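Have a look at run.cif below; it lists mmCIF, C-alpha atoms.
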data_coords
loop_
_atom_site.label_atom_id
_atom_site.label_comp_id
_atom_site.auth_asym_id
_atom_site.auth_seq_id
_atom_site.Cartn_x
_atom_site.Cartn_y
_atom_site.Cartn_z
CA MET H 3 28.22 53.64 65.65
CA ILE H 4 31.44 51.68 65.65
CA LEU H 5 32.71 52.85 69.06
CA PHE H 6 29.47 51.76 70.69
CA SER H 7 29.55 48.32 69.11
CA LEU H 8 33.21 47.90 70.14
CA PHE H 9 32.30 48.83 73.71
CA PHE H 10 29.26 46.56 73.79
CA THR H 11 31.10 43.58 72.24
CA PHE H 12 33.92 43.79 74.77
CA LEU H 13 31.47 44.39 77.59
CA LEU H 14 29.79 41.06 76.81
CA ILE H 15 33.15 39.31 76.50
CA GLY H 16 34.25 40.71 79.86
CA MET H 17 31.02 39.62 81.53
CA VAL H 18 31.41 35.91 80.93
CA SER H 19 35.16 35.44 80.62
CA PHE H 20 35.93 33.12 83.49
CA GLY H 21 39.29 31.46 83.98
CA GLY H 22 41.57 33.93 82.26
CA GLY H 23 42.62 34.68 78.71
CA TYR H 24 42.45 31.39 76.83
CA ALA H 25 39.00 30.25 77.90
CA MET H 26 37.41 33.32 76.38
CA LEU H 27 38.96 32.84 72.96
CA PRO H 28 35.93 31.08 71.43
CA LEU H 29 33.78 34.01 72.50
CA PHE H 30 36.33 36.42 71.06
CA GLU H 31 36.42 34.48 67.82
CA ARG H 32 32.65 34.26 67.56
CA MET H 33 31.95 37.93 68.23
CA VAL H 34 35.00 39.62 66.73
CA VAL H 35 35.86 37.37 63.77
CA ILE H 36 32.58 35.74 62.75
CA GLU H 37 29.86 38.22 63.76
CA GLN H 38 31.59 41.57 63.38
CA GLY H 39 34.24 40.60 60.84
CA TRP H 40 36.74 42.92 62.50
CA LEU H 41 39.62 40.48 62.05
CA THR H 42 40.35 37.59 59.70
CA ARG H 43 40.93 34.29 61.45
CA SER H 44 44.67 34.44 60.62
CA LEU H 45 44.95 37.92 62.11
CA PHE H 46 43.07 36.69 65.16
CA ILE H 47 45.67 33.96 65.67
CA ASP H 48 48.52 36.45 65.11
CA MET H 49 46.92 38.66 67.74
CA ILE H 50 46.92 35.83 70.30
CA ALA H 51 50.65 35.30 69.67
CA LEU H 52 51.37 39.04 69.95
CA SER H 53 49.40 39.25 73.21
CA GLN H 54 51.53 36.45 74.54
CA VAL H 55 54.95 37.87 73.66
CA THR H 56 54.12 41.34 74.99
CA PRO H 57 53.81 42.05 78.72
CA GLY H 58 50.47 42.65 80.38
CA PRO H 59 47.15 40.82 80.64
CA ILE H 60 46.22 38.90 77.48
CA ALA H 61 42.63 40.18 77.41
CA ILE H 62 43.74 43.82 77.67
CA ASN H 63 46.30 43.29 74.93
CA SER H 64 43.68 41.72 72.65
CA ALA H 65 41.03 44.37 73.33
CA THR H 66 43.53 47.15 72.65
CA PHE H 67 44.78 45.48 69.48
CA ILE H 68 41.32 44.94 67.98
CA GLY H 69 39.97 48.31 69.09
CA PHE H 70 42.98 50.09 67.62
CA GLN H 71 42.70 48.26 64.32
CA ILE H 72 39.00 49.14 63.96
CA ALA H 73 38.87 52.71 65.27
CA SER H 74 42.38 53.89 66.18
CA VAL H 75 43.12 55.19 69.70
CA PRO H 76 39.48 55.90 70.66
CA GLY H 77 38.62 52.36 69.57
CA ALA H 78 41.40 50.92 71.69
CA MET H 79 40.17 52.93 74.66
CA VAL H 80 36.50 51.94 74.51
CA SER H 81 37.39 48.27 73.95
CA THR H 82 39.74 48.18 76.91
CA VAL H 83 37.29 49.97 79.19
CA GLY H 84 34.51 47.70 77.90
CA VAL H 85 36.27 44.46 78.77
CA VAL H 86 36.95 45.53 82.38
CA PHE H 87 33.69 47.43 82.97
CA VAL H 88 31.36 44.78 84.43
CA PRO H 89 34.08 42.92 86.38
CA PHE H 90 35.17 46.22 87.95
CA PHE H 91 31.73 46.74 89.48
CA LEU H 92 31.47 43.08 90.42
CA VAL H 93 34.71 43.35 92.38
CA LEU H 94 33.46 46.51 94.12
CA THR H 95 30.30 44.65 95.14
CA VAL H 96 31.87 41.35 96.12
CA SER H 97 34.60 42.95 98.22
CA LYS H 98 31.89 44.19 100.58
CA TYR H 99 30.53 40.70 101.09
CA THR H 100 33.72 38.65 101.16
CA GLN H 101 32.50 36.14 103.71
CA LYS H 102 29.11 35.59 102.09
CA PHE H 103 30.71 35.19 98.67
CA LYS H 104 33.21 32.62 99.92
CA GLU H 105 30.46 30.48 101.42
CA SER H 106 27.97 31.04 98.63
CA LYS H 107 26.35 27.86 97.36
CA VAL H 108 25.41 29.52 94.12
CA VAL H 109 29.06 30.30 93.33
CA LYS H 110 30.16 26.77 94.27
CA GLY H 111 27.41 25.25 92.17
CA ILE H 112 28.07 27.40 89.14
CA PHE H 113 31.72 26.36 89.09
CA ILE H 114 30.80 22.67 88.99
CA GLY H 115 29.56 23.46 85.50
CA LEU H 116 31.96 26.22 84.55
CA LYS H 117 35.30 24.55 85.26
CA PRO H 118 34.87 21.66 82.85
CA ALA H 119 33.05 23.94 80.40
CA LEU H 120 36.23 26.02 80.19
CA VAL H 121 38.13 22.87 79.14
CA GLY H 122 35.62 22.38 76.32
CA MET H 123 35.96 26.06 75.37
CA ILE H 124 39.73 25.88 75.17
CA PHE H 125 39.66 22.75 73.02
CA SER H 126 37.11 24.19 70.64
CA SER H 127 39.46 27.13 70.23
CA VAL H 128 42.36 24.75 69.57
CA ALA H 129 40.32 22.89 66.94
CA SER H 130 39.29 26.06 65.17
CA ILE H 131 42.76 27.61 65.25
CA ALA H 132 44.37 24.35 64.12
CA SER H 133 42.18 24.25 61.02
CA ASP H 134 43.64 27.60 60.03
CA ALA H 135 47.21 27.29 61.31
CA LEU H 136 48.07 23.79 60.13
CA ILE H 137 48.27 24.67 56.47
CA ASP H 138 50.24 21.68 55.20
CA PHE H 139 52.01 18.48 56.22
CA LYS H 140 55.13 20.42 57.29
CA ALA H 141 53.02 22.32 59.81
CA TYR H 142 52.09 19.07 61.60
CA ILE H 143 55.78 18.19 61.94
CA ILE H 144 56.53 21.66 63.32
CA LEU H 145 53.60 21.32 65.75
CA PHE H 146 54.99 18.01 66.98
CA LEU H 147 58.39 19.63 67.55
CA LEU H 148 56.90 22.64 69.39
CA VAL H 149 54.79 20.42 71.66
CA PHE H 150 57.94 18.46 72.44
CA LEU H 151 59.75 21.70 73.40
CA LEU H 152 56.85 22.80 75.60
CA TRP H 153 56.14 19.52 77.37
CA LYS H 154 59.40 17.62 77.50
CA VAL H 155 62.04 20.35 77.39
CA LYS H 156 59.71 22.62 79.46
CA MET H 157 60.78 25.58 77.41
CA HIS H 158 59.29 29.01 78.18
CA PRO H 159 56.22 29.76 75.99
CA ILE H 160 57.69 33.04 74.72
CA LEU H 161 60.83 31.23 73.58
CA VAL H 162 58.67 28.63 71.82
CA ILE H 163 56.79 31.39 69.95
CA ILE H 164 60.10 32.98 68.87
CA ILE H 165 61.47 29.62 67.69
CA SER H 166 58.26 28.96 65.74
CA GLY H 167 58.73 32.32 64.01
CA ILE H 168 62.29 31.46 63.03
CA ILE H 169 61.18 28.05 61.73
CA GLY H 170 58.38 29.76 59.78
CA PHE H 171 60.84 32.17 58.21
CA PHE H 172 63.00 29.37 56.84
CA VAL H 173 60.30 26.84 55.95
CA TYR H 174 57.63 29.08 54.36
CA MET Z 22 50.24 50.18 109.29
CA GLU Z 23 51.03 52.88 106.77
CA LYS Z 24 48.99 52.80 103.55
CA PRO Z 25 50.65 53.39 100.19
CA SER Z 26 49.94 56.67 98.39
CA LEU Z 27 47.94 56.66 95.15
CA LEU Z 28 51.10 57.54 93.25
CA ARG Z 29 52.94 54.60 94.72
CA LEU Z 30 50.02 52.30 93.80
CA LEU Z 31 49.98 53.67 90.27
CA LEU Z 32 53.72 53.19 89.79
CA THR Z 33 53.76 49.71 91.31
CA PHE Z 34 50.94 48.49 89.07
CA MET Z 35 52.45 50.12 86.00
CA LYS Z 36 55.69 48.31 86.75
CA ILE Z 37 53.92 44.97 87.09
CA GLY Z 38 51.91 45.63 83.91
CA ALA Z 39 54.99 46.61 81.94
CA PHE Z 40 57.29 43.77 82.93
CA THR Z 41 55.15 40.68 83.52
CA PHE Z 42 54.71 38.39 80.54
CA GLY Z 43 52.16 35.59 80.18
CA GLY Z 44 48.96 37.17 81.48
CA GLY Z 45 47.09 37.08 84.78
CA TYR Z 46 48.27 33.82 86.30
CA ALA Z 47 51.90 34.82 85.78
CA MET Z 48 51.21 37.99 87.76
CA ILE Z 49 49.90 36.37 90.92
CA PRO Z 50 53.36 35.61 92.41
CA VAL Z 51 54.46 39.14 91.50
CA PHE Z 52 51.49 40.66 93.36
CA GLU Z 53 52.24 38.48 96.34
CA ARG Z 54 55.90 39.51 96.39
CA GLU Z 55 55.12 43.22 96.10
CA PHE Z 56 52.15 43.55 98.43
CA VAL Z 57 52.46 40.75 100.95
CA LYS Z 58 56.17 40.07 101.30
CA ARG Z 59 57.86 43.33 100.39
CA TYR Z 60 55.65 45.98 101.93
CA GLY Z 61 53.28 43.94 104.11
CA TYR Z 62 50.31 45.98 102.94
CA ILE Z 63 48.18 42.84 102.73
CA LYS Z 64 48.22 39.85 105.05
CA GLU Z 65 48.88 36.35 103.75
CA GLU Z 66 45.35 35.07 104.55
CA GLU Z 67 43.77 38.12 103.02
CA PHE Z 68 45.78 37.56 99.86
CA ALA Z 69 44.56 33.96 99.66
CA ASP Z 70 40.97 35.22 100.03
CA ILE Z 71 41.43 37.73 97.23
CA LEU Z 72 42.97 35.04 95.01
CA ALA Z 73 39.99 32.73 95.56
CA MET Z 74 37.51 35.50 94.74
CA VAL Z 75 39.39 36.67 91.65
CA GLN Z 76 39.21 33.15 90.26
CA SER Z 77 35.45 33.00 90.78
CA LEU Z 78 34.68 36.29 89.07
CA PRO Z 79 34.57 36.94 85.34
CA GLY Z 80 36.95 39.38 83.72
CA VAL Z 81 40.64 39.98 83.37
CA ILE Z 82 42.44 38.26 86.25
CA ALA Z 83 45.21 40.86 86.58
CA ILE Z 84 42.74 43.76 86.55
CA ASN Z 85 40.41 42.12 89.08
CA PHE Z 86 43.39 41.56 91.33
CA ALA Z 87 44.45 45.17 90.93
CA VAL Z 88 40.96 46.42 91.74
CA PHE Z 89 40.73 44.28 94.89
CA ILE Z 90 44.12 45.48 96.14
CA GLY Z 91 43.46 49.14 95.25
CA LEU Z 92 40.08 49.03 96.96
CA ARG Z 93 41.49 47.38 100.07
CA LEU Z 94 44.27 49.94 100.43
CA ARG Z 95 42.79 53.23 99.20
CA GLY Z 96 39.06 52.78 98.49
CA LEU Z 97 37.41 53.57 95.17
CA LYS Z 98 40.13 56.01 94.13
CA GLY Z 99 42.68 53.30 94.79
CA ALA Z 100 40.74 50.80 92.68
CA LEU Z 101 40.56 53.18 89.74
CA THR Z 102 44.26 53.98 90.10
CA THR Z 103 45.41 50.37 90.19
CA ALA Z 104 43.18 49.29 87.28
CA PHE Z 105 44.45 52.21 85.22
CA GLY Z 106 48.06 51.52 86.13
CA MET Z 107 47.70 47.84 85.27
CA ALA Z 108 46.18 48.48 81.84
CA LEU Z 109 48.22 51.49 80.71
CA PRO Z 110 51.55 49.83 79.80
CA SER Z 111 49.81 47.10 77.74
CA PHE Z 112 47.70 49.71 76.06
CA ILE Z 113 50.70 51.76 74.92
CA ILE Z 114 52.90 48.79 73.98
CA ILE Z 115 50.14 47.14 71.92
CA ILE Z 116 49.33 50.34 70.03
CA VAL Z 117 53.00 50.78 69.09
CA ILE Z 118 53.21 47.15 67.97
CA ALA Z 119 49.93 47.36 66.06
CA ILE Z 120 51.16 50.38 64.10
CA PHE Z 121 54.22 48.47 62.90
CA PHE Z 122 52.37 45.20 62.49
CA PHE Z 123 49.80 46.55 60.06
CA GLN Z 124 52.51 48.27 58.06
CA TYR Z 125 54.51 45.12 57.45
CA ILE Z 126 51.75 42.52 57.40
CA ASP Z 127 51.92 42.06 53.61
CA ASN Z 128 55.66 41.56 53.61
CA PRO Z 129 56.33 37.92 52.53
CA ALA Z 130 59.02 37.43 55.19
CA ILE Z 131 56.62 38.55 57.95
CA GLU Z 132 53.91 36.32 56.50
CA ALA Z 133 56.33 33.35 56.59
CA ILE Z 134 57.27 34.10 60.21
CA PHE Z 135 53.62 34.24 61.22
CA ASN Z 136 52.87 30.99 59.39
CA GLY Z 137 55.25 29.45 61.91
CA VAL Z 138 54.01 31.45 64.87
CA ARG Z 139 50.39 30.36 64.28
CA ILE Z 140 51.46 26.77 64.78
CA SER Z 141 52.91 27.66 68.17
CA VAL Z 142 49.54 29.16 69.18
CA VAL Z 143 47.94 25.74 68.61
CA ALA Z 144 50.63 24.15 70.81
CA LEU Z 145 50.30 26.77 73.57
CA ILE Z 146 46.53 26.77 73.85
CA GLY Z 147 46.47 22.98 73.55
CA THR Z 148 48.88 22.79 76.48
CA ALA Z 149 46.66 25.08 78.58
CA GLY Z 150 43.68 22.88 77.69
CA VAL Z 151 45.44 19.65 78.69
CA LYS Z 152 46.52 21.17 82.03
CA LEU Z 153 42.98 22.27 82.85
CA PHE Z 154 41.59 18.93 81.66
CA LYS Z 155 43.77 17.09 84.19
CA GLN Z 156 41.99 18.99 86.99
CA ASN Z 157 38.60 17.85 85.70
CA LYS Z 158 39.27 14.21 84.92
CA HIS Z 159 36.08 12.81 86.43
CA LEU Z 160 33.10 11.44 84.52
CA GLN Z 161 30.92 14.49 85.07
CA GLY Z 162 33.74 16.84 84.10
CA ILE Z 163 34.52 14.96 80.91
CA PHE Z 164 30.84 14.94 80.02
CA ILE Z 165 30.44 18.71 80.49
CA ALA Z 166 33.71 19.45 78.66
CA SER Z 167 32.71 17.25 75.69
CA LEU Z 168 29.21 18.70 75.57
CA THR Z 169 30.65 22.24 75.59
CA PHE Z 170 33.07 21.34 72.81
CA ALA Z 171 30.30 19.79 70.71
CA LEU Z 172 27.94 22.73 71.20
CA VAL Z 173 30.53 25.42 70.50
CA PHE Z 174 32.69 23.81 67.83
CA SER Z 175 30.46 21.30 66.07
CA VAL Z 176 26.97 22.79 66.39
CA GLY Z 177 28.13 26.41 66.47
CA VAL Z 178 26.04 27.62 69.40
CA HIS Z 179 27.09 31.07 70.63
CA PRO Z 180 29.74 30.61 73.38
CA PHE Z 181 28.03 33.25 75.52
CA PHE Z 182 24.91 31.09 75.87
CA VAL Z 183 26.92 27.91 76.35
CA ILE Z 184 28.79 29.49 79.28
CA VAL Z 185 25.58 30.71 80.90
CA PHE Z 186 23.91 27.32 80.31
CA MET Z 187 26.81 25.36 81.80
CA ALA Z 188 26.85 27.63 84.86
CA LEU Z 189 23.14 26.95 85.44
CA PHE Z 190 23.65 23.25 84.73
CA GLY Z 191 26.44 23.13 87.34
CA TYR Z 192 24.23 24.82 89.89
CA MET Z 193 21.48 22.31 89.13
CA ILE Z 194 23.81 19.33 89.69
CA TYR Z 195 24.98 20.92 92.93
CA SER Z 196 21.44 21.51 94.20
CA VAL Z 197 20.31 17.97 93.35
CA ASN Z 198 23.32 16.55 95.23
CA GLU Z 199 22.55 18.77 98.21
CA VAL Z 200 19.00 17.45 98.42
CA LYS Z 201 20.25 13.84 98.10
CA ASN Z 202 22.81 14.33 100.87
CA TYR Z 203 20.15 15.88 103.04
CA ASP Z 204 17.83 12.94 102.51
CA SER Z 205 20.47 10.37 103.36
CA VAL Z 206 21.31 12.01 106.70
#

Starting from the coordinates I provided, produce the structure as structure tokens.
Amino acid sequence: MILFSLFFTFLLIGMVSFGGGYAMLPLFERMVVIEQGWLTRSLFIDMIALSQVTPGPIAINSATFIGFQIASVPGAMVSTVGVVFVPFFLVLTVSKYTQKFKESKVVKGIFIGLKPALVGMIFSSVASIASDALIDFKAYIILFLLVFLLWKVKMHPILVIIISGIIGFFVY
Amino acid sequence: MEKPSLLRLLLTFMKIGAFTFGGGYAMIPVFEREFVKRYGYIKEEEFADILAMVQSLPGVIAINFAVFIGLRLRGLKGALTTAFGMALPSFIIIIVIAIFFFQYIDNPAIEAIFNGVRISVVALIGTAGVKLFKQNKHLQGIFIASLTFALVFSVGVHPFFVIVFMALFGYMIYSVNEVKNYDSV
């Protein structure tokens, strides 16, 4: 039952995705690309770029994109509902105990481990995506240029993605 | 103070969802402008509280924010309305894009463009990683980050278990430090 496995996959992703879109990419890649084979790794990277240049939350964009590709509109719906399902109920619960939650030692403790773990997650995503995106020597030069635009020129990420597309069109 | 109607909540969140690029963190100032500054529905301190909680909960940051605000202003119905309003524009826009994308994916020009775009994804995510790393530049943080990287990327352990393990590990470190501090008092 494809709709059920879409729902369940995105439910699990939603449950442990701390720190916003990027930190959950390794989990996305593992479950959606490697385990389920719903996307090739190249398509997965394209999807990240598309989620970035379109408005809205990155995780919703990704869930909709994958769900739609696998099972059309119903697939997009169950994936999107799946990714927000557990957090929705968590917010309902936590909002009743705001004060307790703020002072909770368990929450504080957990984040001592989680915050740096997210750094490791993001870099493992970078490493895996780089192995697929940096196809030749030219790609390394382009990467160097794009990093320069992002860090030194402080160019807007969407503009950097558009420029990379234009460069790709002429170079490849 | 007058509470916004469900329709107003729906429209406000749809507007934010449709016009804010860059995901959850980019939306935080927009929420603040709309709900704290413009209409005064939520007080400044309350907004800071919500922000802190959203960052400590799993899930989609923008949606969690929407649910908190909806719940605060109009109860469960409000929460459902705001979550729906937040997700709907993305949902429609992505489906339209996906339809075109899969039609033209085999076109060599599109393939060339995406060969370039994929490189920018490396640069963007790398930048996010470096920024987050700078906030964790202590010995313990570097150790946990490296261990996570090794487990996920090199060994290939399922990221789900690594996240759960690191959360428990963090709690353990915290508890041990608590006991130590208690002893030294």

To one decimal place in Å, what is the distance between CA of Leu5 in chain H and CA of Val34 in chain H? 13.6 Å

Quick one: residues within 9 Å of range 64-79 of chain H, all atoms listed in the file counted, chain neighbours fewer than 2 positions away excluded, as a VMD selection string? (chain H and resid 4 to 5 8 to 9 12 34 40 to 41 46 49 to 50 52 to 53 59 to 62 81 to 85) or (chain Z and resid 111 to 113 115 to 116 118 to 120 123)

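If you count only C-alpha atoms and ignore residues fewer than 4 places along the chain from range 63-78 of chain Z, what sits within 8 Å of it is Phe20, Gly21, Pro89, Leu92, Val93, Phe103, Lys104, Val109 and Phe113 of chain H; Glu53, Phe56, Val57, Ile82, Asn85, Phe86 and Phe89 of chain Z.
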
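Candidate residues Z:Ala133, Z:Leu160, Z:Val151, Z:Met48 were compared for distance to Val121 in chain H, and the nearest is Z:Val151, using only C-alpha atoms.
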
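Atom pair CA of Leu145 in chain H / CA of Ala130 in chain Z: separated by 20.0 Å.
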
May I have a table of the residues of chain H lying at most 6 Å from chain Z, giving each one's closest pair of atoms and their distance in Å to one decimal, counting only C-alpha atoms, ordered by chain and ascending residue number, as a tab-separated table?
residue	atom	partner	partner_atom	distance
H:Gly16	CA	Z:Gly80	CA	4.9
H:Met17	CA	Z:Pro79	CA	5.9
H:Val18	CA	Z:Pro79	CA	5.5
H:Ser19	CA	Z:Pro79	CA	5.0
H:Phe20	CA	Z:Pro79	CA	4.5
H:Gly22	CA	Z:Ile82	CA	6.0
H:Leu29	CA	Z:Pro180	CA	5.4
H:Gln54	CA	Z:Gly43	CA	5.7
H:Pro57	CA	Z:Phe42	CA	4.2
H:Gly58	CA	Z:Gly38	CA	4.8
H:Pro59	CA	Z:Gly44	CA	4.2
H:Ile60	CA	Z:Gly44	CA	5.1
H:Asn63	CA	Z:Ser111	CA	5.9
H:Thr66	CA	Z:Phe112	CA	6.0
H:Pro89	CA	Z:Gly80	CA	5.3
H:Gly111	CA	Z:Tyr192	CA	3.9
H:Ile112	CA	Z:Ala188	CA	4.5
H:Ile114	CA	Z:Gly191	CA	4.7
H:Gly115	CA	Z:Gly191	CA	3.6
H:Leu116	CA	Z:Ala188	CA	5.3
H:Pro118	CA	Z:Ala166	CA	4.9
H:Ala119	CA	Z:Ala166	CA	4.9
H:Val121	CA	Z:Ala166	CA	5.6
H:Gly122	CA	Z:Ala166	CA	4.2
H:Ile124	CA	Z:Gly150	CA	5.6
H:Ser126	CA	Z:Phe174	CA	5.3
H:Val128	CA	Z:Val143	CA	5.7
H:Ala132	CA	Z:Val143	CA	5.9
H:Ala135	CA	Z:Arg139	CA	5.3
H:Leu145	CA	Z:Ile140	CA	5.9
H:Val149	CA	Z:Ala144	CA	5.7
H:Ile163	CA	Z:Ser141	CA	5.7
H:Ser166	CA	Z:Gly137	CA	4.9
H:Gly167	CA	Z:Ile134	CA	4.4
H:Gly170	CA	Z:Gly137	CA	3.8
H:Phe171	CA	Z:Ile134	CA	4.5
H:Tyr174	CA	Z:Ala133	CA	5.0

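Our summary of the geometry notes that CA of Val162 in chain H is positioned 13.9 Å from CA of Thr56 in chain H.
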
Hey, can I get the axis-aligned box for range 91-99 of chain Z? All listed atoms, 5 Å padding on each side, centre and edge lengths in Å to one decimal, as AutoDock Vina command-line options.
--center_x 40.8 --center_y 51.7 --center_z 97.3 --size_x 16.9 --size_y 18.6 --size_z 16.3

Choose the residue, out of H:Ser127, H:Thr95, H:Phe146, H:Ser133, that has the smallest atom-to-atom separation from Glu31 in chain H; count all atoms listed in the file. H:Ser127
